[in-house]
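Raw final_35.tsv, TSV, C-alpha atoms:
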```tsv
chain	number	residue	atom	x	y	z
A	1	ASP	CA	213.62	-86.67	91.76
A	2	THR	CA	214.19	-86.50	88.02
A	3	GLY	CA	217.22	-88.78	87.99
A	4	VAL	CA	220.74	-87.95	86.83
A	5	SER	CA	220.75	-85.55	83.89
A	6	GLN	CA	223.60	-85.26	81.40
A	7	ASN	CA	224.05	-82.68	78.67
A	8	PRO	CA	224.56	-82.70	75.81
A	9	ARG	CA	223.41	-86.17	74.76
A	10	HIS	CA	225.66	-86.14	71.72
A	11	LYS	CA	228.71	-84.07	70.81
A	12	ILE	CA	230.69	-84.15	67.58
A	13	THR	CA	233.91	-82.18	67.63
A	14	LYS	CA	236.99	-81.75	65.52
A	15	ARG	CA	240.29	-83.09	66.78
A	16	GLY	CA	242.11	-80.48	68.82
A	17	GLN	CA	238.99	-78.70	70.06
A	18	ASN	CA	237.98	-78.46	73.72
A	19	VAL	CA	234.68	-79.91	74.92
A	20	THR	CA	232.77	-79.67	78.19
A	21	PHE	CA	230.05	-81.96	79.49
A	22	ARG	CA	227.65	-81.30	82.32
A	23	CYS	CA	226.10	-83.65	84.88
A	24	ASP	CA	223.26	-82.76	87.24
A	25	PRO	CA	223.01	-85.44	89.95
A	26	ILE	CA	220.01	-86.34	92.06
A	27	SER	CA	219.70	-83.39	94.44
A	28	GLU	CA	220.23	-85.21	97.75
A	29	HIS	CA	223.16	-87.31	96.48
A	30	ASN	CA	226.50	-86.10	97.83
A	31	ARG	CA	228.64	-88.46	95.75
A	32	LEU	CA	229.24	-88.03	92.03
A	33	TYR	CA	231.21	-90.19	89.62
A	34	TRP	CA	232.41	-89.97	86.03
A	35	TYR	CA	233.02	-93.06	83.88
A	36	ARG	CA	234.03	-93.57	80.26
A	37	GLN	CA	232.74	-96.41	78.10
A	38	THR	CA	234.00	-97.45	74.66
A	39	LEU	CA	232.20	-99.82	72.32
A	40	GLY	CA	232.04	-103.39	73.59
A	41	GLN	CA	233.66	-102.55	76.93
A	42	GLY	CA	232.39	-102.00	80.42
A	43	PRO	CA	232.55	-98.48	81.88
A	44	GLU	CA	235.95	-97.38	83.24
A	45	PHE	CA	236.21	-95.16	86.31
A	46	LEU	CA	237.52	-91.64	85.76
A	47	THR	CA	236.92	-89.66	88.95
A	48	TYR	CA	234.84	-89.30	92.13
A	49	PHE	CA	233.56	-86.33	94.12
A	50	GLN	CA	232.16	-86.21	97.61
A	51	ASN	CA	230.35	-82.90	97.80
A	52	GLU	CA	232.75	-80.43	96.13
A	53	ALA	CA	235.94	-82.36	96.91
A	54	GLN	CA	237.52	-84.50	94.20
A	55	LEU	CA	238.69	-87.48	96.25
A	56	GLU	CA	239.73	-90.06	93.69
A	57	LYS	CA	241.12	-89.87	90.16
A	58	SER	CA	242.03	-92.62	87.73
A	59	ARG	CA	245.31	-92.67	85.88
A	60	LEU	CA	243.08	-92.64	82.79
A	61	LEU	CA	242.39	-88.99	83.61
A	62	SER	CA	245.29	-87.44	81.74
A	63	ASP	CA	246.36	-83.81	81.96
A	64	ARG	CA	243.90	-82.99	79.18
A	65	PHE	CA	240.96	-84.00	81.36
A	66	SER	CA	239.63	-81.92	84.23
A	67	ALA	CA	236.52	-82.26	86.33
A	68	GLU	CA	234.91	-79.88	88.76
A	69	ARG	CA	231.95	-79.87	91.09
A	70	PRO	CA	231.53	-76.33	92.39
A	71	LYS	CA	229.37	-76.05	95.51
A	72	GLY	CA	228.82	-79.79	95.49
A	73	SER	CA	225.95	-79.63	93.03
A	74	PHE	CA	226.38	-80.13	89.27
A	75	SER	CA	229.66	-81.30	87.78
A	76	THR	CA	231.52	-80.56	84.56
A	77	LEU	CA	234.04	-82.70	82.72
A	78	GLU	CA	236.30	-80.86	80.28
A	79	ILE	CA	238.55	-82.44	77.68
A	80	GLN	CA	241.16	-80.17	76.13
A	81	ARG	CA	242.79	-80.74	72.74
A	82	THR	CA	240.55	-83.69	71.94
A	83	GLU	CA	241.99	-86.74	70.20
A	84	GLN	CA	240.22	-89.46	68.23
A	85	GLY	CA	240.89	-91.87	71.09
A	86	ASP	CA	238.66	-89.73	73.31
A	87	SER	CA	235.60	-90.86	71.32
A	88	ALA	CA	233.43	-92.69	73.84
A	89	MET	CA	230.30	-92.51	75.97
A	90	TYR	CA	230.90	-90.42	79.10
A	91	LEU	CA	228.67	-91.53	81.95
A	92	CYS	CA	227.90	-89.72	85.17
A	93	ALA	CA	226.47	-91.38	88.27
A	94	SER	CA	225.44	-90.19	91.70
A	95	SER	CA	224.93	-91.88	95.05
A	96	ARG	CA	224.05	-91.10	98.65
A	97	ALA	CA	224.87	-94.42	100.26
A	98	LEU	CA	224.77	-97.82	98.62
A	99	GLY	CA	224.08	-98.17	94.94
A	100	TYR	CA	224.51	-95.87	91.97
A	101	THR	CA	222.08	-94.01	89.70
A	102	PHE	CA	223.54	-93.45	86.24
A	103	GLY	CA	222.63	-90.81	83.72
A	104	SER	CA	222.02	-91.55	80.04
A	105	GLY	CA	225.50	-90.41	79.10
A	106	THR	CA	227.08	-88.03	76.62
A	107	ARG	CA	228.35	-89.64	73.43
A	108	LEU	CA	231.45	-87.88	72.14
A	109	THR	CA	232.67	-88.34	68.58
A	110	VAL	CA	236.00	-86.78	67.64
A	111	VAL	CA	236.48	-86.42	63.88
B	1	LYS	CA	244.57	-105.22	90.23
B	2	GLN	CA	240.92	-106.26	90.24
B	3	GLU	CA	239.67	-107.87	87.04
B	4	VAL	CA	236.06	-108.78	86.30
B	5	THR	CA	235.14	-111.35	83.66
B	6	GLN	CA	231.68	-112.12	82.33
B	7	ILE	CA	230.75	-115.29	80.52
B	8	PRO	CA	229.24	-115.73	78.02
B	9	ALA	CA	229.88	-112.55	76.01
B	10	ALA	CA	226.59	-113.09	74.17
B	11	LEU	CA	223.59	-115.31	74.68
B	12	SER	CA	220.49	-115.89	72.57
B	13	VAL	CA	217.53	-117.76	74.03
B	14	PRO	CA	213.86	-118.37	73.17
B	15	GLU	CA	211.21	-116.55	75.17
B	16	GLY	CA	210.22	-118.28	78.41
B	17	GLU	CA	213.59	-119.90	79.06
B	18	ASN	CA	215.35	-119.58	82.41
B	19	LEU	CA	218.96	-118.45	82.11
B	20	VAL	CA	222.11	-117.78	84.10
B	21	LEU	CA	224.73	-115.12	83.52
B	22	ASN	CA	228.14	-115.53	85.13
B	23	CYS	CA	230.56	-113.04	86.62
B	24	SER	CA	233.96	-113.74	88.19
B	25	PHE	CA	236.42	-111.41	89.91
B	26	THR	CA	240.06	-111.89	90.84
B	27	ASP	CA	240.28	-110.11	94.21
B	28	SER	CA	237.79	-111.32	96.82
B	29	ALA	CA	238.27	-108.25	99.05
B	30	ILE	CA	235.15	-106.56	97.73
B	31	TYR	CA	232.70	-104.29	99.51
B	32	ASN	CA	229.75	-105.12	97.27
B	33	LEU	CA	228.79	-106.42	93.82
B	34	GLN	CA	226.21	-104.90	91.53
B	35	TRP	CA	224.40	-106.04	88.42
B	36	PHE	CA	223.32	-103.46	85.86
B	37	ARG	CA	221.34	-103.52	82.66
B	38	GLN	CA	222.26	-101.36	79.66
B	39	ASP	CA	220.06	-100.85	76.61
B	40	PRO	CA	221.81	-99.88	73.33
B	41	GLY	CA	223.16	-96.33	73.43
B	42	LYS	CA	221.77	-95.72	76.90
B	43	GLY	CA	223.03	-95.40	80.44
B	44	LEU	CA	223.01	-98.12	83.09
B	45	THR	CA	220.06	-99.23	85.18
B	46	SER	CA	220.86	-100.79	88.54
B	47	LEU	CA	219.22	-104.21	88.98
B	48	LEU	CA	220.59	-105.75	92.17
B	49	LEU	CA	223.25	-104.94	94.75
B	50	ILE	CA	224.74	-107.62	97.00
B	51	GLN	CA	226.81	-106.53	99.97
B	52	SER	CA	229.87	-108.62	100.80
B	53	SER	CA	228.15	-110.12	103.85
B	54	GLN	CA	225.15	-111.29	101.80
B	55	ARG	CA	224.74	-114.42	99.70
B	56	GLU	CA	221.94	-113.38	97.37
B	57	GLN	CA	219.38	-110.75	96.43
B	58	THR	CA	216.08	-111.11	94.58
B	59	SER	CA	213.94	-108.68	92.63
B	60	GLY	CA	210.98	-110.03	90.71
B	61	ARG	CA	212.22	-112.55	88.14
B	62	LEU	CA	215.86	-111.75	88.92
B	63	ASN	CA	218.04	-113.47	91.50
B	64	ALA	CA	221.71	-112.70	92.04
B	65	SER	CA	224.05	-114.78	94.15
B	66	LEU	CA	227.50	-114.04	95.50
B	67	ASP	CA	230.26	-116.45	96.52
B	68	LYS	CA	232.95	-114.06	97.67
B	69	SER	CA	235.50	-116.70	98.58
B	70	SER	CA	235.50	-118.20	95.09
B	71	GLY	CA	235.17	-114.81	93.38
B	72	ARG	CA	231.90	-115.59	91.58
B	73	SER	CA	228.44	-114.20	91.11
B	74	THR	CA	225.52	-115.36	89.01
B	75	LEU	CA	222.45	-113.55	87.76
B	76	TYR	CA	219.48	-115.83	87.25
B	77	ILE	CA	216.63	-114.62	85.05
B	78	ALA	CA	213.43	-116.64	85.23
B	79	ALA	CA	210.89	-116.94	82.41
B	80	SER	CA	212.78	-114.61	80.06
B	81	GLN	CA	210.89	-112.09	77.92
B	82	PRO	CA	211.86	-110.17	74.77
B	83	GLY	CA	211.96	-107.01	76.90
B	84	ASP	CA	214.86	-108.55	78.85
B	85	SER	CA	217.05	-108.16	75.75
B	86	ALA	CA	219.95	-105.90	76.77
B	87	THR	CA	223.57	-106.01	77.91
B	88	TYR	CA	224.01	-107.10	81.51
B	89	LEU	CA	227.02	-105.75	83.37
B	90	CYS	CA	228.56	-106.95	86.60
B	91	ALA	CA	230.63	-104.55	88.73
B	92	VAL	CA	232.50	-104.85	92.01
B	93	ASN	CA	233.23	-102.15	94.55
B	94	GLN	CA	236.62	-102.69	96.13
B	95	GLY	CA	237.02	-102.00	99.84
B	96	GLY	CA	238.86	-98.70	100.37
B	97	SER	CA	237.85	-97.25	97.00
B	98	GLU	CA	234.71	-95.66	95.70
B	99	LYS	CA	235.16	-96.86	92.14
B	100	LEU	CA	233.33	-99.72	90.47
B	101	VAL	CA	235.29	-102.18	88.33
B	102	PHE	CA	233.12	-103.49	85.52
B	103	GLY	CA	233.15	-106.57	83.35
B	104	LYS	CA	232.60	-106.26	79.61
B	105	GLY	CA	229.03	-107.48	79.88
B	106	THR	CA	226.86	-110.24	78.48
B	107	LYS	CA	224.64	-109.28	75.55
B	108	LEU	CA	221.34	-111.10	75.96
B	109	THR	CA	218.82	-111.56	73.17
B	110	VAL	CA	215.45	-113.12	73.98
B	111	ASN	CA	213.65	-114.23	70.84
B	112	PRO	CA	209.83	-114.18	70.70
```
Can you dump the structure from the file as structure tokens?
Amino acid sequence: DTGVSQNPRHKITKRGQNVTFRCDPISEHNRLYWYRQTLGQGPEFLTYFQNEAQLEKSRLLSDRFSAERPKGSFSTLEIQRTEQGDSAMYLCASSRALGYTFGSGTRLTVV
Amino acid sequence: KQEVTQIPAALSVPEGENLVLNCSFTDSAIYNLQWFRQDPGKGLTSLLLIQSSQREQTSGRLNASLDKSSGRSTLYIAASQPGDSATYLCAVNQGGSEKLVFGKGTKLTVNP
């Protein structure tokens, strides 16, 4: 059990580019979550997977955002046509029952 | 819509002091409440989880209480240490949803 792993740790991209983040959850955890956190705020829920099925999505997840979890293992979060307002820490968490384990996050800066 | 508020936003105390962090939520129909710690630029570390049927949970120097009917939780830290310096976040899990709703956190500084 090496915890929840997120890559890359940091990403700087130009406005209008596409970016993709990866999350590797704890292997026996069937639930996976994505959150976004901006400076001075608590994390905001983006989406939730149970195994490979995406069961819940926030209205924050606009058409430019897409998340996948093929085969119920790792997950990817893609942002198309990035905007400066997308600059934030993107956090992944996994769970099997009660309680969450969070990864260290991917910090995205859009310039 | 569930809203979570944490007071104070920031707190600075001398080492050794006992302290209380407060969390309130607007909708009492919660499944559980969790307290997390976040170090600067890092992810979240789970500290304590209280299920809706429970009143409190303890782990070492930490004690969290839950009063669901009044929409309040407190995190008590005994004998604070400089290593406790971090942002403490409260989050509630609403019944019928998997998402956590977070407060903005309390930034704690423990001075040696």
- Point-to-point distance in Å for atom CA of B:Gly105 and atom CA of B:Leu11: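 The value is 10.9 Å.
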- Message: Using all atoms listed in the file, can you tell me which of B:Ala86, B:Ile77, B:Ile30, B:Val101 comes closest to B:Gln54?
- Response: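 Distance minimum relative to B:Gln54 lands on B:Ile30.
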- Long-range neighbours of B:Arg55 as a list of chain:residue names, 9 Å cut-off, all atoms listed in the file, 3 positions minimum in chain: B:Ile50, B:Gln51, B:Ser52, B:Ala64, B:Ser65, B:Leu66, B:Asp67, B:Lys68
- Query: Which residue out of A:Leu60, A:Ala67, A:Leu98, A:Val111 has the minimum interatomic distance to chain B when only C-alpha atoms are used?
  - Reply: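 The answer is A:Leu98, which sits nearest to chain B.
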- Message: Please list as a list in words every residue within 9 Å of A:Gln17, counting all atoms listed in the file and excluding residues in the same chain fewer than 3 positions away.
- Response: Thr13, Lys14, Ile79, Gln80, Arg81, Thr82, Glu83 and Val110 of chain A
- Item | Interatomic distance (Å, one decimal) between atom CA of A:Pro25 and atom CA of B:Ser85 |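 About the pair atom CA of A:Pro25 and atom CA of B:Ser85: they are 27.4 Å apart.
A straight-line distance of 5.3 Å separates atom CA of A:Asn7 from atom CA of A:Arg22.
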Closest atom pairs, chain B residues within 8 Å of chain A, only C-alpha atoms, as CSV:
```
residue,atom,partner,partner_atom,distance
B:Gln34,CA,A:Gly99,CA,7.8
B:Lys42,CA,A:Ser104,CA,5.2
B:Gly43,CA,A:Ser104,CA,4.0
B:Leu44,CA,A:Phe102,CA,5.7
B:Thr45,CA,A:Phe102,CA,6.8
B:Ser46,CA,A:Thr101,CA,7.0
B:Leu49,CA,A:Gly99,CA,6.8
B:Leu89,CA,A:Gly42,CA,7.2
B:Glu98,CA,A:Tyr48,CA,7.3
B:Lys99,CA,A:Phe45,CA,6.2
B:Leu100,CA,A:Phe45,CA,6.8
B:Val101,CA,A:Glu44,CA,7.0
B:Phe102,CA,A:Gly42,CA,5.4
B:Gly103,CA,A:Gly42,CA,5.5
B:Lys104,CA,A:Gly42,CA,4.3
B:Gly105,CA,A:Gly42,CA,6.5
```
Reconstruct N, CA, C and O atoms of stretch 76-93 of chain B; output as a compact mmCIF listing (two decimals), in the coordinates of the input.
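Result file follows (rebuild.txt):
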```
# COMPACT_ATOMS: atom_id res chain seq x y z
N TYR B 76 220.48 -114.89 87.77
CA TYR B 76 219.48 -115.83 87.25
C TYR B 76 218.26 -115.04 86.82
O TYR B 76 217.74 -114.22 87.59
N ILE B 77 217.83 -115.26 85.57
CA ILE B 77 216.63 -114.62 85.05
C ILE B 77 215.61 -115.71 84.76
O ILE B 77 215.87 -116.62 83.95
N ALA B 78 214.48 -115.63 85.42
CA ALA B 78 213.43 -116.64 85.23
C ALA B 78 212.45 -116.20 84.15
O ALA B 78 212.16 -115.01 84.00
N ALA B 79 211.95 -117.19 83.40
CA ALA B 79 210.89 -116.94 82.41
C ALA B 79 211.20 -115.72 81.55
O ALA B 79 210.47 -114.73 81.56
N SER B 80 212.29 -115.78 80.82
CA SER B 80 212.78 -114.61 80.06
C SER B 80 211.75 -114.10 79.06
O SER B 80 210.92 -114.86 78.52
N GLN B 81 211.81 -112.79 78.83
CA GLN B 81 210.89 -112.09 77.92
C GLN B 81 211.69 -111.28 76.92
O GLN B 81 212.82 -110.88 77.21
N PRO B 82 211.12 -110.99 75.75
CA PRO B 82 211.86 -110.17 74.77
C PRO B 82 212.32 -108.83 75.35
O PRO B 82 213.39 -108.33 74.98
N GLY B 83 211.57 -108.27 76.26
CA GLY B 83 211.96 -107.01 76.90
C GLY B 83 213.18 -107.12 77.78
O GLY B 83 213.75 -106.11 78.20
N ASP B 84 213.62 -108.35 78.07
CA ASP B 84 214.86 -108.55 78.85
C ASP B 84 216.10 -108.39 77.97
O ASP B 84 217.22 -108.37 78.49
N SER B 85 215.92 -108.29 76.67
CA SER B 85 217.05 -108.16 75.75
C SER B 85 217.82 -106.88 76.06
O SER B 85 217.25 -105.78 76.04
N ALA B 86 219.10 -107.03 76.37
CA ALA B 86 219.95 -105.90 76.77
C ALA B 86 221.33 -106.47 77.05
O ALA B 86 221.55 -107.68 76.99
N THR B 87 222.26 -105.58 77.41
CA THR B 87 223.57 -106.01 77.91
C THR B 87 223.54 -105.94 79.43
O THR B 87 223.10 -104.94 80.00
N TYR B 88 223.99 -107.01 80.06
CA TYR B 88 224.01 -107.10 81.51
C TYR B 88 225.45 -106.99 81.99
O TYR B 88 226.32 -107.75 81.56
N LEU B 89 225.68 -106.04 82.88
CA LEU B 89 227.02 -105.75 83.37
C LEU B 89 227.12 -106.06 84.86
O LEU B 89 226.23 -105.74 85.63
N CYS B 90 228.23 -106.66 85.22
CA CYS B 90 228.56 -106.95 86.60
C CYS B 90 229.67 -105.99 87.03
O CYS B 90 230.59 -105.70 86.23
N ALA B 91 229.60 -105.47 88.25
CA ALA B 91 230.63 -104.55 88.73
C ALA B 91 230.89 -104.80 90.21
O ALA B 91 229.96 -105.07 90.97
N VAL B 92 232.15 -104.69 90.61
CA VAL B 92 232.50 -104.85 92.01
C VAL B 92 233.05 -103.55 92.56
O VAL B 92 233.72 -102.79 91.86
N ASN B 93 232.76 -103.31 93.81
CA ASN B 93 233.23 -102.15 94.55
C ASN B 93 234.28 -102.64 95.53
O ASN B 93 233.95 -103.41 96.44
```
